[in-house]
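A short worksheet on the structure shown next.
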Amino acid sequence: MDGGANDEGWHHRYCGVCGTETEHARGGGCVACDNRAIRERVRRDKNPRKMDRNWVLTSYEEKAGNLPDFLDSLKRQNGRKALSAKQVAVGRKVLAKHIDENTLRTWWDNK
Ligand SMILES: [Zn+2]
């Protein structure tokens with residue numbers, strides 16, 4: 001008996017998006033469609049650290065009481081496009097006055 005063998009979180013189901021009967025993750029969509037959505041999201045997102053860096057800059061602002069012009073300009077650019085490696089490096093030195101190393105490594109640095 002292998003009645004329980006298929007019960008591993010995967011099952012076949014008809015996918016209305018791509019119109020095929022295919023493997024689905026439990027609680028998720030069709031695997032092929034999920035993967036396509038992830039790839040498209042990554043390609044479209046030119047600034048994957050936008051939310052993280054905005055959060056770091058906001059934390060600094062809360063701790064310092066205000067945002068220096070330089071960081072303010074980074075925050076405005078971050079809202080439009082990714083920061084350059086130079087901006088990340090220089091911004092980091094200023095941020096380090098109020099933001100701890102671990103936070104910067106996790107939420108500020110380029111991955
Ligand atoms: Zn599909």
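So you can find residues: chains in the structure tokens are A, B, ... in the order shown, residues in each start at 1, and ligands are numbered from 1 in order.
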Could you pull out the residues sitting within 10 Å of ligand 1, using only C-alpha atoms and all ligand atoms, and write them as a VMD selection string?
-> chain A and resid 13 to 24 29 to 36
For stretch 103-107 of chain A, work out the shell of residues within 10 Å, counting only C-alpha atoms and skipping chain neighbours fewer than 3 positions away, then give it as a ChimeraX atom specification.
-> /A:49-56,92-93,95-96,99-100,110-111
I need the chosen residues saved as a PDB file, in the first residue's frame, with C-alpha atoms.
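So out.pdb came out as:
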```pdb
ATOM      1  CA  ARG A  49      16.454  46.820  -1.394  1.00  0.00           C
ATOM      2  CA  LYS A  50      14.127  49.808  -1.631  1.00  0.00           C
ATOM      3  CA  MET A  51      11.931  48.926   1.343  1.00  0.00           C
ATOM      4  CA  ASP A  52      14.867  47.749   3.468  1.00  0.00           C
ATOM      5  CA  ARG A  53      16.921  50.891   2.906  1.00  0.00           C
ATOM      6  CA  ASN A  54      13.981  53.157   3.386  1.00  0.00           C
ATOM      7  CA  TRP A  55      13.418  51.473   6.730  1.00  0.00           C
ATOM      8  CA  VAL A  56      17.087  51.981   7.742  1.00  0.00           C
ATOM      9  CA  ARG A  92      26.837  53.434   5.612  1.00  0.00           C
ATOM     10  CA  LYS A  93      29.525  55.502   7.362  1.00  0.00           C
ATOM     11  CA  LEU A  95      24.347  55.702   9.254  1.00  0.00           C
ATOM     12  CA  ALA A  96      26.781  53.892  11.555  1.00  0.00           C
ATOM     13  CA  ILE A  99      22.501  52.277  13.312  1.00  0.00           C
ATOM     14  CA  ASP A 100      24.324  49.201  14.546  1.00  0.00           C
ATOM     15  CA  ASN A 110      24.236  45.120  -1.232  1.00  0.00           C
ATOM     16  CA  LYS A 111      23.529  41.408  -1.089  1.00  0.00           C
TER      17      LYS A 111
END
```
Enumerate the residues of chain A with a DSSP assignment of strand (DSSP E or B), computed from the backbone, and present them as a list of chain:residue names.
->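 Answer for chain A restricted to strand (DSSP E or B) is A:Trp10, A:His11, A:His12, A:Arg13, A:Tyr14, A:Glu21, A:Thr22, A:Glu23, A:His24, A:Ala25, A:Cys30.
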Would you write out those residues with C-alpha atoms, as a PDB file, in the first residue's frame?
```pdb
ATOM      1  CA  TRP A  10       2.116  18.415  -3.983  1.00  0.00           C
ATOM      2  CA  HIS A  11      -0.862  17.444  -6.053  1.00  0.00           C
ATOM      3  CA  HIS A  12      -2.023  17.618  -9.654  1.00  0.00           C
ATOM      4  CA  ARG A  13      -4.662  20.151 -10.477  1.00  0.00           C
ATOM      5  CA  TYR A  14      -5.889  22.084 -13.458  1.00  0.00           C
ATOM      6  CA  GLU A  21      -3.092  19.961 -15.578  1.00  0.00           C
ATOM      7  CA  THR A  22       0.059  20.335 -13.557  1.00  0.00           C
ATOM      8  CA  GLU A  23       1.759  20.037 -10.229  1.00  0.00           C
ATOM      9  CA  HIS A  24       0.669  22.473  -7.560  1.00  0.00           C
ATOM     10  CA  ALA A  25       2.118  23.245  -4.192  1.00  0.00           C
ATOM     11  CA  CYS A  30       0.795  26.015 -10.407  1.00  0.00           C
TER      12      CYS A  30
END
```
If you count only C-alpha atoms, which residues fall within 9 Å of stretch 84-86 of chain A, apart from same-chain ones fewer than 4 positions away, as a list in words?
-> Val90, Gly91, Asp109 and Asn110 of chain A
Store the residues picked out above in a file with C-alpha atoms, as a PDB file, in the first residue's frame.
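Result saved to part_3.pdb:
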```
ATOM      1  CA  VAL A  90      29.396  56.443   2.049  1.00  0.00           C
ATOM      2  CA  GLY A  91      25.847  56.330   3.400  1.00  0.00           C
ATOM      3  CA  ASP A 109      24.493  46.495   2.260  1.00  0.00           C
ATOM      4  CA  ASN A 110      24.236  45.120  -1.232  1.00  0.00           C
TER       5      ASN A 110
END
```
